[in-house]
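Colleague: Below you'll find the structure I mean.
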Amino acid sequence: MAKVQSSNLGYPRLGEKREWKKALENYWNHKISEEQLLSETKELRLQALKKQQDKGIDLIPVGDFSFYDHILDTSITFGIVPKRFNYEAGKVDLDTYFEVARGNDGAVASEMTKWFNTNYHYIVPELVDAKPQLTENRALFYYEEAKKELGIDGKPVLVGPITYLKLAKGNDDFKGLLDQLVPLYGQILKELQDAGAKWVQIDEPYLATSFDKEELALFEEVYASFKNVAPDLKIELQTYFESLDYFEEVVKLPVDAIGVDFVHDHGESIEALEKFGFPEDKILAAGVIDGRNVWRADLDAKLGLLERIAKVVPKERLIVQPSSSLLHVPVTKASEPDLDGVLLGGLSFADEKLVELVALTEALNGEDVTAEFTDARAALGAINGSHHRNNAEVQEAIRNLENVEVKRDLPFAERIKLQHEWLQLPLLPTTTIGSFPQSPEVRKKRSDWLKKVITDAEYEKFIETETERWIRIQEDLDLDVLVHGEFERTDMVEYFGQKLDGFQATKFGWVQSYGSRAVRPPLVYGDVAFTEAITVKESVYAQSLTDRPVKGMLTAPVTIINWSFVRDDVPDYVVANQVGLALRKEVEALEEAGIRVIQVDEPALREGLPLKRSRWQKYLDDAVYSFKLTTTSVKNDTQIHTHMCYAEFEDIIDTISALDADVISIETSRSHGEIIETFEKVGYDKEIGLGVYDIHSPRVPTTGEIQENIRRALKVIDARQFWVNPDCGLKTRKEKETVEALRDMVNATKEIREAYKVIK
């Protein structure tokens with residue numbers, strides 16, 4: 001009798017200690033050659049494959065590796081490179097690949113945005129004038145490498161053509177482009193089949209979004225074509241991040257296996273399976289282990305779900321797998337020996353999830369997994385029963401939220417006058433988003449402090465010195481509203497996680513955000529509580545150095561939970577409200593200390609939007625509530641700012657207004673000003689800063705480029721509403737390029753002010 005198989009959908013690229021990131025950045029900084037980069041990343045890639053092999057995964061993904069981003073990889077595979085990078089034909093060299101993602105002196109980088117509702121960013125394909133061609137069969141290369149080096153008959157991973165085109169720009173001739181891509185995909189599949197590959201995983205997460213049912217005909221046509229060209233290659237059509245609106249139709253598509261998310265589906269996938277059944281000629285790849293969070297699985301509950309599934313789909317036609325690629329979690333909790341034992345026991349990173357997958361697979365196959373299940377029960381019982389998840393004071397405050405006022409005393413139109421009276425800012429005031437470069441010296445001082453090489457006093461003195469230096473730089477640049485630079489912070493979320501009860505920072509819990517940029521999401525493992533002022537000391541010190549206003553800088557609740565690994569035993573909105581109550585006290589402490597411009601950033605609000613439109617309103621209402629819970633207790637003349645970045649904002653423009661922030665800054669440069677079209681249609685009655693240059697690229701913008709972005713915005717936004725700022729924080733940039741870019745920004749603004757000087 002055939003056995004249940006285990007499968008993985010993708011493995012983290014970063015490496016346990018961010019070795020991948022370091023190799024990339026060493027190459028970009030000309031410290032290693034291309035040959036060295038290829039050698040180092042190959043070693044990491046093979047280590048990851050060997051680990052999956054040793055843990056007993058049956059179907060191991062290959063080709064999930066990337067030098068930057070898997071959507072960019074797909075573009076490069078088909079020669080889809082914007083004209084400004086002077087590519088003509090043939091295999092795309094590595095430097096051009098990186099220039100598309102990062103820009104160069106003569107060409108701006110391609111747009112970057114969030115991968116569905118995650119914090120992973122992808123490089124948006126540009127399809128205008130695209131002439132797809134197969135430049136290289138990456139999937140075949142990685143398949144043959146795994147087979148040759150490790151004897152692994154892997155499962156190549158591809159991004160499906162429909163999802164790829166849906167995520168692209170300039171796809172006005174969608175069907176025409178699809179018709180061009182399908183034969184190229186077919187060639188890839190045929191070559192894989194000829195090389196002996198048995199399985200291929202084609203990711204079509206678009207199937208888990210809300211779309212017109214008529215579009216299913218495209219999937220039927222495309223995948224019938226694939227089966228025709230490579231009949232002996234088994235295709236796993238993979239969906240994730242949500243349930244399927246058209247479950248009955250999707251499972252009948254002409255493929256060999258359907259991958260379904262049984263974790264982030266709100267319980268709808270099992271209901272659909274039981275209602276509609278499952279084709280007898282297909283395998284169900286059941287995503288039952290959470291690929292996006294780090295908490296240990298309740299193996300008893302997961303086995304119960306799988307047994308329920310097995311009543312519809314016989315076990316011999318089942319694959320056990322994560323709900324999505326493990327790209328979204330750290331590599332291993334073995335790197336965290338210093339964590340509290342109860343918390344550590346409740347965690348499961350990528351490597352531990354592989355063990356869980358194998359345990360569930362063995363349980364279904366009738367093997368003895370008593371030890372694994374007993375250990376899981378004990379670990380979950382310990383963390384759920386701990387005092388961290390049973391804080392009576394926090395839970396009582398949540399129950400009494402109806403008694404908390406979440407509305408400013410005066411409407412915006414009245415309070416903004418009070419703010420203008422004391423701020424006395426010029427037309428088109430300039431500012432930055434918050435952080436300044438975390439130089440090697442800053443990082444070394446923090447490392448030395450953490451290792452106790454230097455004392456607390458020495459570290460604090462260094463932070464003060466660096467803060468004062470950048471206050472002077474900002475004054476010299478003639479910025480109007482300053483920031484303290486956030487030199488004491490490792491990350492805009494992790495820092496707050498280090499200061500609030502209920503959070504825990506990790507040492508090596510890194511995940512990829514974009515390119516080589518890694519973040520270390522804190523663990524929200526208990527009830528969240530405020531214990532002491534978090535940002536007041538640094539903000540007050542910075543303000544003491546200058547007569548210009550200095551912004552207090554906080555991260556808002558929804559971003560904190562979207563960029564953290566949040567406990568999965570209570571709803572997210574409960575955690576967001578706990579965070580909101582804690583940060584409300586911090587906002588009040590800043591105001592009490594004399595900080596009267598306070599920025600509470602929500603860059604991740606849009607990215608957390610559910611894939612199903614039917615769930616949008618509840619999420620947005622909860623997000624607005626937690627933001628206002630944080631910000632609305634201040635006086636009318638205290639100015640509240642917020643910031644959002646890299647998302648499709650037109651979907652939530654009403655929500656942005658409902659936040660009732662006095663000033664909002666939004667990315668516009670990397671998306672080439674497309675958000676401005678939304679304001680052309682909708683309008684906006686509060687003050688706004690549309691980021692006028694892209695900080696994620698090392699290139700310094702020209703004054704002319706910045707002026708063009710400002711002028712375009714001023715066509716639809718009153719100059720008296722408009723702030724000028726970069727599109728995000730400057731933490732990742734180098735000092736020289738930061739100063740040059742800000743100087744260009746200020747000079748561009750001053751020239752435009754002259755043109756508008758008649759406006760009072």
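The way I read the labels, and the way they are meant: chains A, B, ... in the order of the structure tokens, residue 1 as the first residue of every chain, and ligand 1 as the first ligand shown, with later ones counted on from there.
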List every residue of range 410-655 of chain A that DSSP, applied to the backbone, labels as strand (DSSP E), and write the result as a PyMOL selection string.
Modeller: chain A and resi 501-504+511-514+517-519+523-529+552-555+565-566+597-601+639-644
Colleague: What does the file look like for those residues with N, CA, C and O atoms, as a CSV table (one decimal), in the first residue's frame?
Modeller:
```csv
chain,number,residue,atom,x,y,z
A,501,ASP,N,6.5,44.3,27.8
A,501,ASP,CA,6.2,43.0,28.3
A,501,ASP,C,5.4,42.2,27.3
A,501,ASP,O,4.5,42.7,26.6
A,502,GLY,N,5.6,40.9,27.3
A,502,GLY,CA,4.9,40.0,26.3
A,502,GLY,C,5.7,39.8,25.0
A,502,GLY,O,5.2,39.0,24.2
A,503,PHE,N,6.8,40.5,24.8
A,503,PHE,CA,7.6,40.3,23.7
A,503,PHE,C,9.0,39.7,24.0
A,503,PHE,O,9.4,39.8,25.2
A,504,GLN,N,9.6,39.0,23.1
A,504,GLN,CA,10.9,38.5,23.2
A,504,GLN,C,11.7,38.7,22.0
A,504,GLN,O,11.2,38.3,20.9
A,511,VAL,N,14.7,36.8,9.0
A,511,VAL,CA,13.9,36.5,7.8
A,511,VAL,C,14.2,37.5,6.8
A,511,VAL,O,14.5,38.7,7.1
A,512,GLN,N,14.0,37.1,5.5
A,512,GLN,CA,14.3,38.1,4.4
A,512,GLN,C,13.1,39.0,4.2
A,512,GLN,O,11.9,38.6,4.3
A,513,SER,N,13.4,40.3,4.1
A,513,SER,CA,12.3,41.3,3.8
A,513,SER,C,12.4,41.7,2.3
A,513,SER,O,11.4,41.5,1.6
A,514,TYR,N,13.5,42.2,1.9
A,514,TYR,CA,13.7,42.5,0.5
A,514,TYR,C,15.2,42.4,0.2
A,514,TYR,O,16.0,42.8,1.0
A,517,ARG,N,18.1,42.6,2.6
A,517,ARG,CA,17.6,43.1,3.8
A,517,ARG,C,16.9,42.1,4.7
A,517,ARG,O,16.0,41.4,4.3
A,518,ALA,N,17.5,41.8,5.9
A,518,ALA,CA,16.9,40.9,6.8
A,518,ALA,C,16.3,41.6,8.0
A,518,ALA,O,16.9,42.6,8.5
A,519,VAL,N,15.2,41.1,8.5
A,519,VAL,CA,14.6,41.6,9.7
A,519,VAL,C,14.5,40.5,10.7
A,519,VAL,O,14.6,39.3,10.4
A,523,LEU,N,9.1,38.0,19.0
A,523,LEU,CA,8.1,37.0,19.3
A,523,LEU,C,7.1,37.7,20.3
A,523,LEU,O,7.5,38.1,21.4
A,524,VAL,N,5.8,37.8,19.9
A,524,VAL,CA,4.8,38.2,20.8
A,524,VAL,C,4.2,37.0,21.4
A,524,VAL,O,3.3,36.3,20.8
A,525,TYR,N,4.7,36.6,22.5
A,525,TYR,CA,4.4,35.3,23.1
A,525,TYR,C,3.4,35.4,24.3
A,525,TYR,O,2.9,34.4,24.8
A,526,GLY,N,3.2,36.6,24.8
A,526,GLY,CA,2.3,36.8,26.0
A,526,GLY,C,1.5,38.0,25.9
A,526,GLY,O,1.5,38.7,24.9
A,527,ASP,N,0.7,38.3,27.0
A,527,ASP,CA,0.0,39.6,27.0
A,527,ASP,C,0.9,40.8,27.0
A,527,ASP,O,1.9,40.8,27.7
A,528,VAL,N,0.6,41.8,26.2
A,528,VAL,CA,1.5,42.9,26.0
A,528,VAL,C,1.2,44.0,27.1
A,528,VAL,O,0.0,44.4,27.2
A,529,ALA,N,2.2,44.5,27.7
A,529,ALA,CA,2.0,45.6,28.7
A,529,ALA,C,3.1,46.6,28.7
A,529,ALA,O,4.3,46.2,28.4
A,552,GLY,N,9.0,62.8,17.7
A,552,GLY,CA,9.0,61.5,18.5
A,552,GLY,C,8.7,60.4,17.5
A,552,GLY,O,7.8,60.6,16.6
A,553,MET,N,9.3,59.2,17.6
A,553,MET,CA,9.1,58.2,16.6
A,553,MET,C,8.7,56.9,17.3
A,553,MET,O,9.4,56.3,18.1
A,554,LEU,N,7.5,56.4,16.9
A,554,LEU,CA,6.9,55.1,17.4
A,554,LEU,C,6.5,54.3,16.2
A,554,LEU,O,6.2,54.8,15.1
A,555,THR,N,6.3,53.0,16.4
A,555,THR,CA,5.8,52.1,15.5
A,555,THR,C,4.4,51.7,16.0
A,555,THR,O,4.2,51.4,17.1
A,565,PHE,N,6.3,37.8,15.1
A,565,PHE,CA,5.6,36.5,15.1
A,565,PHE,C,4.7,36.5,16.3
A,565,PHE,O,5.1,36.5,17.4
A,566,VAL,N,3.4,36.6,16.0
A,566,VAL,CA,2.4,36.8,17.0
A,566,VAL,C,1.8,35.5,17.5
A,566,VAL,O,1.5,34.6,16.7
A,597,VAL,N,5.4,66.9,18.2
A,597,VAL,CA,5.2,66.2,16.9
A,597,VAL,C,5.6,64.8,17.1
A,597,VAL,O,6.7,64.4,17.4
A,598,ILE,N,4.6,63.9,16.9
A,598,ILE,CA,4.8,62.5,17.2
A,598,ILE,C,4.4,61.6,16.0
A,598,ILE,O,3.3,61.7,15.5
A,599,GLN,N,5.4,60.9,15.5
A,599,GLN,CA,5.1,60.0,14.3
A,599,GLN,C,4.9,58.6,14.8
A,599,GLN,O,5.7,58.0,15.4
A,600,VAL,N,3.7,58.1,14.4
A,600,VAL,CA,3.3,56.7,14.8
A,600,VAL,C,3.1,55.9,13.5
A,600,VAL,O,2.1,56.0,12.8
A,601,ASP,N,4.1,55.2,13.1
A,601,ASP,CA,4.2,54.6,11.7
A,601,ASP,C,3.4,53.3,11.6
A,601,ASP,O,3.4,52.4,12.4
A,639,GLN,N,0.9,67.4,17.0
A,639,GLN,CA,0.7,66.9,15.6
A,639,GLN,C,1.1,65.5,15.5
A,639,GLN,O,2.2,65.1,15.8
A,640,ILE,N,0.1,64.6,15.1
A,640,ILE,CA,0.4,63.2,14.9
A,640,ILE,C,0.7,62.9,13.4
A,640,ILE,O,-0.1,63.3,12.5
A,641,HIS,N,1.8,62.3,13.2
A,641,HIS,CA,2.2,61.9,11.8
A,641,HIS,C,2.1,60.4,11.7
A,641,HIS,O,2.1,59.7,12.8
A,642,THR,N,2.0,59.8,10.5
A,642,THR,CA,2.1,58.4,10.3
A,642,THR,C,2.8,58.2,9.0
A,642,THR,O,2.9,59.1,8.2
A,643,HIS,N,3.3,57.0,8.8
A,643,HIS,CA,4.0,56.7,7.5
A,643,HIS,C,3.6,55.3,7.0
A,643,HIS,O,3.4,54.4,7.8
A,644,MET,N,3.4,55.2,5.7
A,644,MET,CA,3.1,53.9,5.1
A,644,MET,C,4.0,53.7,3.9
A,644,MET,O,4.4,54.7,3.2
```
Colleague: Do you know which residues are at most 6 Å from Leu244 in chain A counting only C-alpha atoms, after dropping those on the same chain fewer than 2 positions away, and could you put them as number ranges by chain?
Modeller: A: 208, 246-247
Colleague: Grab the CA of Ala392 in chain A to CA of Leu629 in chain A distance for me, in Å with one decimal place.
Modeller: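 Distance reported for this atom pair: 20.0 Å.
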Colleague: Could you please write out, as an MDAnalysis selection string, every residue of range 385-486 of chain A that DSSP assigns to helix (DSSP H, G or I)?
Modeller: chainID A and resid 387:389 392:399 401:403 412:423 440:450 456:477
Colleague: Interatomic distance between CA of Val288 in chain A and CA of Ser7 in chain A?
Modeller: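 Interatomic distance, CA of Val288 in chain A to CA of Ser7 in chain A: 11.2 Å.
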Colleague: Quick one: everything within 6 Å of Thr163 in chain A, counting only C-alpha atoms, minus sequence neighbours fewer than 3 positions away in the same chain. Send it as a PDB file with C-alpha atoms, in the first residue's frame.
Modeller:
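result-v2.pdb, written as the output of this step:
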```pdb
ATOM      1  CA  GLY A 160       3.032  30.089 -12.337  1.00  0.00           C
ATOM      2  CA  LYS A 166      -1.132  39.343 -12.406  1.00  0.00           C
ATOM      3  CA  GLU A 204      -0.267  30.020  -8.316  1.00  0.00           C
ATOM      4  CA  TYR A 206      -3.414  34.139  -7.257  1.00  0.00           C
TER       5      TYR A 206
END
```
Colleague: Counting only C-alpha atoms, what is within 12 Å of Leu482 in chain A, bar same-chain residues fewer than 4 positions away, as a PyMOL selection string?
Modeller: chain A and resi 429-436+467-468+470-478+486+539+542-543+545-553+595+597-599+725
Colleague: Which one of A:Asp622, A:Glu705, A:Glu421, A:Asp351 sits closest to Lys50 in chain A if you count only C-alpha atoms?
Modeller: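 With only C-alpha atoms as the atom set, the closest residue is A:Asp351.
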Colleague: Would you tabulate, counting only C-alpha atoms, all residues of range 142-252 of chain A that have an atom at most 9 Å from an atom of range 66-77 of chain A, showing the closest pair of atoms and their distance in Å to one decimal, sorted by chain then ascending number, as a tab-separated table?
Modeller:
```
residue	atom	partner	partner_atom	distance
A:Leu158	CA	A:Thr74	CA	8.0
A:Val159	CA	A:Thr74	CA	7.0
A:Tyr164	CA	A:Ile71	CA	7.2
A:Leu167	CA	A:Ile71	CA	8.9
```
Colleague: Go through A:Leu218, A:Ile60, A:Leu178, A:Ala661 and flag the residue nearest Lys147 in chain A, using only C-alpha atoms for the distances.
Modeller: A:Ile60
